[in-house]
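Asks: Supplied structure: work_20.pdb, PDB, C-alpha atoms, pLDDT in the B column.
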```
MODEL        1
ATOM      1  CA  MET A  78       2.464  36.162   6.311  1.00 45.00           C
ATOM      2  CA  GLU A  79       0.557  36.405   9.586  1.00 47.00           C
ATOM      3  CA  ASN A  80      -1.472  33.289   8.621  1.00 48.00           C
ATOM      4  CA  THR A  81       1.689  31.201   8.289  1.00 50.00           C
ATOM      5  CA  ARG A  82       3.411  32.581  11.387  1.00 48.00           C
ATOM      6  CA  PHE A  83       3.170  29.319  13.338  1.00 52.00           C
ATOM      7  CA  TYR A  84       3.343  26.950  10.369  1.00 54.00           C
ATOM      8  CA  ASP A  85       6.955  25.876  10.989  1.00 60.00           C
ATOM      9  CA  GLU A  86       6.235  25.292  14.652  1.00 61.00           C
ATOM     10  CA  ALA A  87       3.114  23.234  13.858  1.00 62.00           C
ATOM     11  CA  VAL A  88       5.030  21.095  11.384  1.00 63.00           C
ATOM     12  CA  SER A  89       7.850  20.609  13.867  1.00 65.00           C
ATOM     13  CA  ASN A  90       5.395  19.569  16.569  1.00 63.00           C
ATOM     14  CA  PHE A  91       3.612  17.198  14.215  1.00 69.00           C
ATOM     15  CA  TYR A  92       6.831  15.467  13.187  1.00 65.00           C
ATOM     16  CA  SER A  93       8.356  15.358  16.678  1.00 68.00           C
ATOM     17  CA  ASP A  94       7.011  11.880  17.419  1.00 69.00           C
ATOM     18  CA  LYS A  95       7.065  10.519  13.854  1.00 65.00           C
ATOM     19  CA  GLU A  96       9.596   8.299  12.159  1.00 60.00           C
ATOM     20  CA  ILE A  97      10.517  10.966   9.626  1.00 58.00           C
ATOM     21  CA  ASN A  98      11.531  14.548   9.876  1.00 55.00           C
ATOM     22  CA  GLY A  99      10.549  17.246   7.490  1.00 54.00           C
ATOM     23  CA  SER A 100      11.322  20.823   6.883  1.00 54.00           C
ATOM     24  CA  PRO A 101       9.065  23.206   4.991  1.00 51.00           C
ATOM     25  CA  LEU A 102       9.837  24.303   1.493  1.00 50.00           C
ATOM     26  CA  ILE A 103       9.653  27.940   0.554  1.00 50.00           C
ATOM     27  CA  ALA A 104       6.558  27.316  -1.590  1.00 49.00           C
ATOM     28  CA  LEU A 105       3.958  26.387   1.026  1.00 52.00           C
ATOM     29  CA  ASP A 106       1.460  25.132  -1.529  1.00 52.00           C
ATOM     30  CA  ILE A 107       3.924  22.499  -2.762  1.00 53.00           C
ATOM     31  CA  TYR A 108       4.860  21.596   0.777  1.00 57.00           C
ATOM     32  CA  ALA A 109       1.203  21.334   1.827  1.00 64.00           C
ATOM     33  CA  GLN A 110       0.558  18.759  -0.920  1.00 66.00           C
ATOM     34  CA  HIS A 111       3.599  16.758   0.180  1.00 72.00           C
ATOM     35  CA  PHE A 112       2.629  17.176   3.826  1.00 76.00           C
ATOM     36  CA  GLY A 113      -0.865  15.805   3.158  1.00 78.00           C
ATOM     37  CA  ARG A 114       0.511  12.774   1.310  1.00 82.00           C
ATOM     38  CA  VAL A 115       3.035  12.091   4.069  1.00 82.00           C
ATOM     39  CA  CYS A 116       0.294  12.319   6.709  1.00 85.00           C
ATOM     40  CA  LYS A 117      -1.829   9.769   4.810  1.00 89.00           C
ATOM     41  CA  ASN A 118       1.183   7.474   4.354  1.00 89.00           C
ATOM     42  CA  LEU A 119       1.975   7.693   8.075  1.00 89.00           C
ATOM     43  CA  ASN A 120      -1.636   6.806   8.851  1.00 91.00           C
ATOM     44  CA  ASP A 121      -1.406   3.773   6.543  1.00 94.00           C
ATOM     45  CA  LEU A 122       1.838   2.753   8.239  1.00 93.00           C
ATOM     46  CA  LYS A 123       0.185   2.948  11.665  1.00 93.00           C
ATOM     47  CA  ASN A 124      -2.860   0.978  10.483  1.00 95.00           C
ATOM     48  CA  LEU A 125      -0.713  -1.748   8.932  1.00 96.00           C
ATOM     49  CA  ASN A 126       1.446  -1.999  12.048  1.00 94.00           C
ATOM     50  CA  ASP A 127      -1.762  -2.365  14.091  1.00 95.00           C
ATOM     51  CA  LEU A 128      -2.963  -5.102  11.719  1.00 96.00           C
ATOM     52  CA  ALA A 129       0.391  -6.882  12.053  1.00 96.00           C
ATOM     53  CA  LYS A 130       0.135  -6.713  15.830  1.00 95.00           C
ATOM     54  CA  ASN A 131      -3.487  -7.919  15.881  1.00 95.00           C
ATOM     55  CA  GLU A 132      -2.763 -10.807  13.508  1.00 95.00           C
ATOM     56  CA  LYS A 133       0.496 -11.579  15.388  1.00 95.00           C
ATOM     57  CA  TRP A 134       2.626 -11.496  12.262  1.00 96.00           C
ATOM     58  CA  GLU A 135       5.735 -13.607  12.711  1.00 93.00           C
ATOM     59  CA  ARG A 136       8.180 -11.038  11.465  1.00 84.00           C
ATOM     60  CA  SER A 137       8.155  -7.384  10.695  1.00 84.00           C
ATOM     61  CA  LEU A 138       7.922  -6.409   7.063  1.00 90.00           C
ATOM     62  CA  PRO A 139       9.616  -3.385   5.480  1.00 90.00           C
ATOM     63  CA  LEU A 140       6.368  -1.412   5.661  1.00 93.00           C
ATOM     64  CA  ARG A 141       8.058   1.903   6.404  1.00 90.00           C
ATOM     65  CA  THR A 142      10.341   1.613   3.385  1.00 91.00           C
ATOM     66  CA  GLU A 143       7.596   0.355   1.075  1.00 92.00           C
ATOM     67  CA  ILE A 144       5.097   3.065   2.070  1.00 90.00           C
ATOM     68  CA  LEU A 145       7.168   6.130   2.961  1.00 86.00           C
ATOM     69  CA  ASP A 146      10.227   5.717   0.768  1.00 86.00           C
ATOM     70  CA  LYS A 147       8.970   3.798  -2.265  1.00 90.00           C
ATOM     71  CA  GLU A 148       5.338   4.971  -2.003  1.00 90.00           C
ATOM     72  CA  HIS A 149       4.079   1.531  -3.023  1.00 96.00           C
ATOM     73  CA  VAL A 150       0.428   0.645  -2.817  1.00 97.00           C
ATOM     74  CA  VAL A 151       0.022  -2.044  -0.166  1.00 98.00           C
ATOM     75  CA  VAL A 152      -2.807  -4.563  -0.353  1.00 98.00           C
ATOM     76  CA  VAL A 153      -3.408  -7.122   2.393  1.00 98.00           C
ATOM     77  CA  THR A 154      -5.818 -10.027   2.015  1.00 98.00           C
ATOM     78  CA  ASP A 155      -7.055 -12.706   4.354  1.00 97.00           C
ATOM     79  CA  THR A 156      -6.339 -16.365   3.598  1.00 96.00           C
ATOM     80  CA  ASP A 157      -9.382 -16.507   1.296  1.00 97.00           C
ATOM     81  CA  LEU A 158      -7.847 -13.633  -0.702  1.00 97.00           C
ATOM     82  CA  ASN A 159     -10.470 -11.096   0.365  1.00 98.00           C
ATOM     83  CA  ILE A 160      -8.919  -7.639   0.664  1.00 98.00           C
ATOM     84  CA  VAL A 161      -8.771  -6.557   4.308  1.00 98.00           C
ATOM     85  CA  TYR A 162      -6.582  -3.457   3.867  1.00 98.00           C
ATOM     86  CA  ALA A 163      -5.464  -1.202   1.021  1.00 98.00           C
ATOM     87  CA  THR A 164      -3.396   1.952   1.348  1.00 97.00           C
ATOM     88  CA  GLN A 165      -4.884   5.308   0.449  1.00 95.00           C
ATOM     89  CA  ASN A 166      -2.498   5.827  -2.484  1.00 95.00           C
ATOM     90  CA  MET A 167      -4.359   3.096  -4.368  1.00 97.00           C
ATOM     91  CA  HIS A 168      -6.704   5.826  -5.581  1.00 96.00           C
ATOM     92  CA  GLN A 169      -3.842   7.563  -7.419  1.00 94.00           C
ATOM     93  CA  MET A 170      -2.852   4.325  -9.170  1.00 96.00           C
ATOM     94  CA  ASN A 171      -6.199   2.911 -10.236  1.00 97.00           C
ATOM     95  CA  GLY A 172      -9.015   5.248  -9.205  1.00 97.00           C
ATOM     96  CA  TYR A 173     -10.424   3.014  -6.471  1.00 98.00           C
ATOM     97  CA  MET A 174     -10.774   4.291  -2.929  1.00 97.00           C
ATOM     98  CA  PRO A 175      -9.566   1.724  -0.389  1.00 97.00           C
ATOM     99  CA  ASN A 176     -13.052   1.258   1.084  1.00 97.00           C
ATOM    100  CA  GLU A 177     -14.352   0.309  -2.388  1.00 97.00           C
ATOM    101  CA  VAL A 178     -12.115  -2.761  -2.579  1.00 98.00           C
ATOM    102  CA  LEU A 179     -12.456  -4.110   0.970  1.00 98.00           C
ATOM    103  CA  GLY A 180     -13.971  -7.579   0.986  1.00 98.00           C
ATOM    104  CA  LYS A 181     -13.277  -8.079  -2.723  1.00 98.00           C
ATOM    105  CA  LYS A 182     -10.598 -10.199  -4.350  1.00 97.00           C
ATOM    106  CA  PRO A 183      -7.567  -8.667  -6.116  1.00 97.00           C
ATOM    107  CA  ASN A 184      -8.625 -10.242  -9.415  1.00 96.00           C
ATOM    108  CA  MET A 185     -11.212  -7.429  -9.575  1.00 97.00           C
ATOM    109  CA  PHE A 186      -8.403  -5.399 -11.195  1.00 97.00           C
ATOM    110  CA  GLN A 187      -7.894  -7.940 -13.982  1.00 97.00           C
ATOM    111  CA  GLY A 188      -9.568  -8.207 -17.357  1.00 96.00           C
ATOM    112  CA  GLU A 189      -9.282  -9.317 -20.948  1.00 96.00           C
ATOM    113  CA  ALA A 190      -5.751  -7.952 -21.457  1.00 97.00           C
ATOM    114  CA  THR A 191      -4.394  -9.563 -18.259  1.00 97.00           C
ATOM    115  CA  CYS A 192      -1.998 -12.415 -19.054  1.00 97.00           C
ATOM    116  CA  ARG A 193      -3.538 -15.699 -17.883  1.00 96.00           C
ATOM    117  CA  LYS A 194      -0.140 -17.404 -17.798  1.00 97.00           C
ATOM    118  CA  THR A 195       1.087 -14.811 -15.295  1.00 97.00           C
ATOM    119  CA  THR A 196      -2.057 -15.047 -13.154  1.00 97.00           C
ATOM    120  CA  LYS A 197      -1.589 -18.838 -13.036  1.00 97.00           C
ATOM    121  CA  LEU A 198       1.972 -18.298 -11.773  1.00 97.00           C
ATOM    122  CA  VAL A 199       0.614 -16.023  -9.036  1.00 97.00           C
ATOM    123  CA  SER A 200      -2.102 -18.533  -8.118  1.00 97.00           C
ATOM    124  CA  GLN A 201       0.458 -21.336  -7.873  1.00 98.00           C
ATOM    125  CA  ALA A 202       2.777 -19.224  -5.705  1.00 97.00           C
ATOM    126  CA  ILE A 203      -0.136 -18.437  -3.378  1.00 97.00           C
ATOM    127  CA  LYS A 204      -1.142 -22.111  -3.256  1.00 97.00           C
ATOM    128  CA  ASP A 205       2.481 -23.086  -2.503  1.00 98.00           C
ATOM    129  CA  LEU A 206       2.797 -20.247   0.066  1.00 97.00           C
ATOM    130  CA  LYS A 207       5.745 -18.765  -1.823  1.00 97.00           C
ATOM    131  CA  PRO A 208       6.646 -15.135  -2.552  1.00 97.00           C
ATOM    132  CA  PHE A 209       6.219 -13.904  -6.123  1.00 98.00           C
ATOM    133  CA  GLU A 210       7.064 -10.897  -8.267  1.00 98.00           C
ATOM    134  CA  VAL A 211       5.241 -10.203 -11.528  1.00 98.00           C
ATOM    135  CA  THR A 212       4.050  -7.418 -13.778  1.00 97.00           C
ATOM    136  CA  LEU A 213       0.404  -7.631 -14.819  1.00 96.00           C
ATOM    137  CA  VAL A 214      -1.908  -5.578 -16.979  1.00 98.00           C
ATOM    138  CA  ASN A 215      -4.538  -4.339 -14.534  1.00 98.00           C
ATOM    139  CA  TYR A 216      -7.614  -2.216 -15.024  1.00 98.00           C
ATOM    140  CA  ARG A 217      -8.436   1.117 -13.433  1.00 98.00           C
ATOM    141  CA  LYS A 218     -11.897   1.975 -12.187  1.00 97.00           C
ATOM    142  CA  ASN A 219     -12.516   3.895 -15.434  1.00 97.00           C
ATOM    143  CA  GLY A 220     -11.659   0.790 -17.517  1.00 97.00           C
ATOM    144  CA  SER A 221      -8.249   1.932 -18.790  1.00 97.00           C
ATOM    145  CA  THR A 222      -5.290  -0.402 -18.376  1.00 98.00           C
ATOM    146  CA  TYR A 223      -1.969   0.026 -16.618  1.00 98.00           C
ATOM    147  CA  ASN A 224       1.060  -2.162 -15.967  1.00 98.00           C
ATOM    148  CA  CYS A 225       1.271  -3.083 -12.312  1.00 98.00           C
ATOM    149  CA  LYS A 226       4.420  -4.525 -10.774  1.00 98.00           C
ATOM    150  CA  ILE A 227       3.397  -6.699  -7.829  1.00 98.00           C
ATOM    151  CA  LYS A 228       5.654  -8.178  -5.183  1.00 97.00           C
ATOM    152  CA  GLY A 229       3.549 -10.510  -3.043  1.00 97.00           C
ATOM    153  CA  ALA A 230       4.098 -12.954  -0.222  1.00 97.00           C
ATOM    154  CA  PRO A 231       2.271 -14.967   2.409  1.00 98.00           C
ATOM    155  CA  VAL A 232       2.321 -13.587   5.943  1.00 97.00           C
ATOM    156  CA  PHE A 233       2.704 -16.054   8.799  1.00 97.00           C
ATOM    157  CA  ASP A 234       1.781 -15.596  12.441  1.00 96.00           C
ATOM    158  CA  ILE A 235       4.050 -16.465  15.358  1.00 95.00           C
ATOM    159  CA  THR A 236       2.795 -20.083  15.310  1.00 95.00           C
ATOM    160  CA  GLY A 237       3.767 -20.490  11.636  1.00 95.00           C
ATOM    161  CA  LYS A 238       0.193 -20.382  10.315  1.00 97.00           C
ATOM    162  CA  VAL A 239      -0.599 -18.277   7.241  1.00 97.00           C
ATOM    163  CA  VAL A 240      -2.867 -15.419   8.333  1.00 97.00           C
ATOM    164  CA  ASN A 241      -2.624 -12.952   5.440  1.00 97.00           C
ATOM    165  CA  PHE A 242      -1.127 -12.303   2.050  1.00 98.00           C
ATOM    166  CA  ILE A 243       0.528  -8.974   1.299  1.00 98.00           C
ATOM    167  CA  ALA A 244       1.318  -7.274  -1.985  1.00 98.00           C
ATOM    168  CA  PHE A 245       3.445  -4.215  -2.691  1.00 97.00           C
ATOM    169  CA  GLU A 246       2.322  -2.657  -5.952  1.00 97.00           C
ATOM    170  CA  LYS A 247       3.490   0.118  -8.256  1.00 97.00           C
ATOM    171  CA  GLU A 248       2.445   1.285 -11.688  1.00 97.00           C
ATOM    172  CA  VAL A 249       5.287   0.814 -14.174  1.00 96.00           C
ATOM    173  CA  ALA A 250       5.838   1.785 -17.794  1.00 90.00           C
TER
ENDMDL
END
```
I'd like the structure from this file rewritten - as structure tokens, please.
Replies:
Amino acid sequence: MENTRFYDEAVSNFYSDKEINGSPLIALDIYAQHFGRVCKNLNDLKNLNDLAKNEKWERSLPLRTEILDKEHVVVVTDTDLNIVYATQNMHQMNGYMPNEVLGKKPNMFQGEATCRKTTKLVSQAIKDLKPFEVTLVNYRKNGSTYNCKIKGAPVFDITGKVVNFIAFEKEVA
């Protein structure tokens, strides 16, 4: 137990300036896995808040809820639909590391089994600068398919100009 003597204190210090509070579980191995995931999610939250500030997003989005509470994958594109940010939990959903998708378009996850009618609805919503919510068949890096629920929307800056598009994604049954 000597190795874990200051574990509670370290965790307390780490969380002291964070938006969430945590308390260790008795099984440190389980807690360590959760702790690592929470740390990555907090890093994504910080990075997305920095992006919002740099792009002068008009309004704040529920990033904290979407990332920390719902553990959604968040994908942000520029106005040409090139991915400029993807959260680290994307790897768990589809096998891609965030740096592998940067600069690419979200349709990289689509394939033969993806419903063209649904993708046309998404394209029209993007063209009309409207929010959308759909479930698509997407493809993992290994080629297997999964159902992906996507809630997307344009992001406007303080002048009312579209600067990004954002999508909150989750694998569903």
Asks: Excluding Asn171 (chain A) and any residue of its chain fewer than 5 positions from it, enumerate the residues within 9 Å of it, using only C-alpha atoms, and give them as a list in words.
Replies: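 In the requested format, the answer is Phe186, Asn215, Tyr216, Arg217, Lys218, Asn219, Ser221, Thr222, Tyr223 and Glu248 of chain A.
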Asks: Excluding region 110-122 of chain A and residues on its chain fewer than 4 positions from it, collect all residues at most 7 Å away from it, counting all atoms listed in the file, and give them as a PyMOL selection string.
Replies: chain A and resi 106+126+140-141+144-145+164-165
Asks: May I ask which of the residues A:Leu125, A:Met174, A:Lys207, A:Leu179 is the closest one to Glu143 (chain A), counting all atoms listed in the file?
Replies: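 Among A:Leu125, A:Met174, A:Lys207, A:Leu179, it is A:Leu125 that comes nearest to Glu143 (chain A).
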Asks: Could you check how far CA of Leu128 (chain A) sits from CA of Ile203 (chain A), in Å to one decimal?
Replies: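 Computed distance, CA of Leu128 (chain A) to CA of Ile203 (chain A), equals 20.3 Å.
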Asks: Assuming the chain letters and numbering stay as they are in my file, what does the PyMOL selection byres ((chain A and resi 157) around 12) actually select? List them as a list of chain:residue names.
Replies: A:Val153, A:Thr154, A:Asp155, A:Thr156, A:Leu158, A:Asn159, A:Ile160, A:Val161, A:Gly180, A:Lys181, A:Lys182, A:Pro183, A:Ile203, A:Lys204, A:Pro231, A:Val239, A:Val240, A:Asn241, A:Phe242
Asks: When you draw a straight line from CA of Asn184 (chain A) to CA of Leu138 (chain A), how long is it in Å?
Replies: 23.7 Å
Asks: CA of Glu135 (chain A) to CA of Ile243 (chain A): how many Å, to one decimal?
Replies: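 Rounded to one decimal, the two atoms are 13.4 Å apart.
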Asks: Dump as a tab-separated table the rows for residues of region 123-158 of chain A within 10 Å of region 225-228 of chain A: closest atom pair and distance in Å with one decimal, all atoms listed in the file counted, ordered by chain and rising residue number.
Replies:
```
residue	atom	partner	partner_atom	distance
A:His149	CA	A:Ile227	CA	9.6
A:Val150	CA	A:Ile227	CA	9.4
A:Val151	CA	A:Ile227	CA	9.6
A:Val152	CA	A:Ile227	CA	9.9
```
Asks: Could you check which of A:Cys192, A:Lys197, A:Gly172, A:Thr212 is closest to Asn224 (chain A), using all atoms listed in the file?
Replies: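 Nearest candidate to Asn224 (chain A) out of A:Cys192, A:Lys197, A:Gly172, A:Thr212: A:Thr212.
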Asks: With all atoms listed in the file as the atoms that count, which of A:Val214, A:Ala250, A:Gly237, A:Phe245 lies nearest to Lys147 (chain A)?
Replies: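 Among the listed residues, the smallest separation from Lys147 (chain A) belongs to A:Phe245.
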Asks: With N, CA and C atoms retained, output region 181-198 of chain A as a compact mmCIF listing (two decimals), in the first residue's frame.
Replies:
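Wrote part24.txt, looks like this:
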```txt
# COMPACT_ATOMS: atom_id res chain seq x y z
N LYS A 181 -9.61 15.45 -43.45
CA LYS A 181 -10.47 14.62 -44.31
C LYS A 181 -11.92 14.99 -44.09
N LYS A 182 -12.77 14.53 -44.96
CA LYS A 182 -14.20 14.82 -44.86
C LYS A 182 -14.91 13.67 -44.13
N PRO A 183 -15.98 13.98 -43.39
CA PRO A 183 -16.70 12.94 -42.64
C PRO A 183 -17.25 11.81 -43.50
N ASN A 184 -17.43 12.03 -44.79
CA ASN A 184 -17.94 10.94 -45.63
C ASN A 184 -16.92 9.81 -45.77
N MET A 185 -15.71 9.99 -45.21
CA MET A 185 -14.73 8.90 -45.20
C MET A 185 -15.23 7.70 -44.41
N PHE A 186 -16.22 7.92 -43.53
CA PHE A 186 -16.77 6.85 -42.71
C PHE A 186 -17.93 6.13 -43.40
N GLN A 187 -18.31 6.59 -44.56
CA GLN A 187 -19.45 6.01 -45.27
C GLN A 187 -19.01 5.00 -46.30
N GLY A 188 -19.97 4.16 -46.72
CA GLY A 188 -19.67 3.14 -47.72
C GLY A 188 -20.93 2.62 -48.36
N GLU A 189 -20.82 1.45 -48.92
CA GLU A 189 -21.89 0.83 -49.69
C GLU A 189 -23.20 0.70 -48.90
N ALA A 190 -23.12 0.38 -47.63
CA ALA A 190 -24.33 0.16 -46.83
C ALA A 190 -24.91 1.45 -46.26
N THR A 191 -24.26 2.58 -46.49
CA THR A 191 -24.75 3.87 -45.98
C THR A 191 -25.92 4.33 -46.84
N CYS A 192 -27.01 4.70 -46.20
CA CYS A 192 -28.23 5.11 -46.90
C CYS A 192 -28.02 6.45 -47.61
N ARG A 193 -28.13 6.44 -48.92
CA ARG A 193 -27.93 7.66 -49.72
C ARG A 193 -29.03 8.69 -49.47
N LYS A 194 -30.24 8.22 -49.19
CA LYS A 194 -31.34 9.14 -48.90
C LYS A 194 -31.02 9.95 -47.64
N THR A 195 -30.47 9.28 -46.63
CA THR A 195 -30.13 9.96 -45.39
C THR A 195 -28.96 10.91 -45.59
N THR A 196 -27.97 10.51 -46.37
CA THR A 196 -26.83 11.41 -46.60
C THR A 196 -27.26 12.64 -47.39
N LYS A 197 -28.26 12.49 -48.27
CA LYS A 197 -28.79 13.65 -48.99
C LYS A 197 -29.50 14.60 -48.04
N LEU A 198 -30.21 14.05 -47.04
CA LEU A 198 -30.86 14.90 -46.03
C LEU A 198 -29.81 15.70 -45.25
```
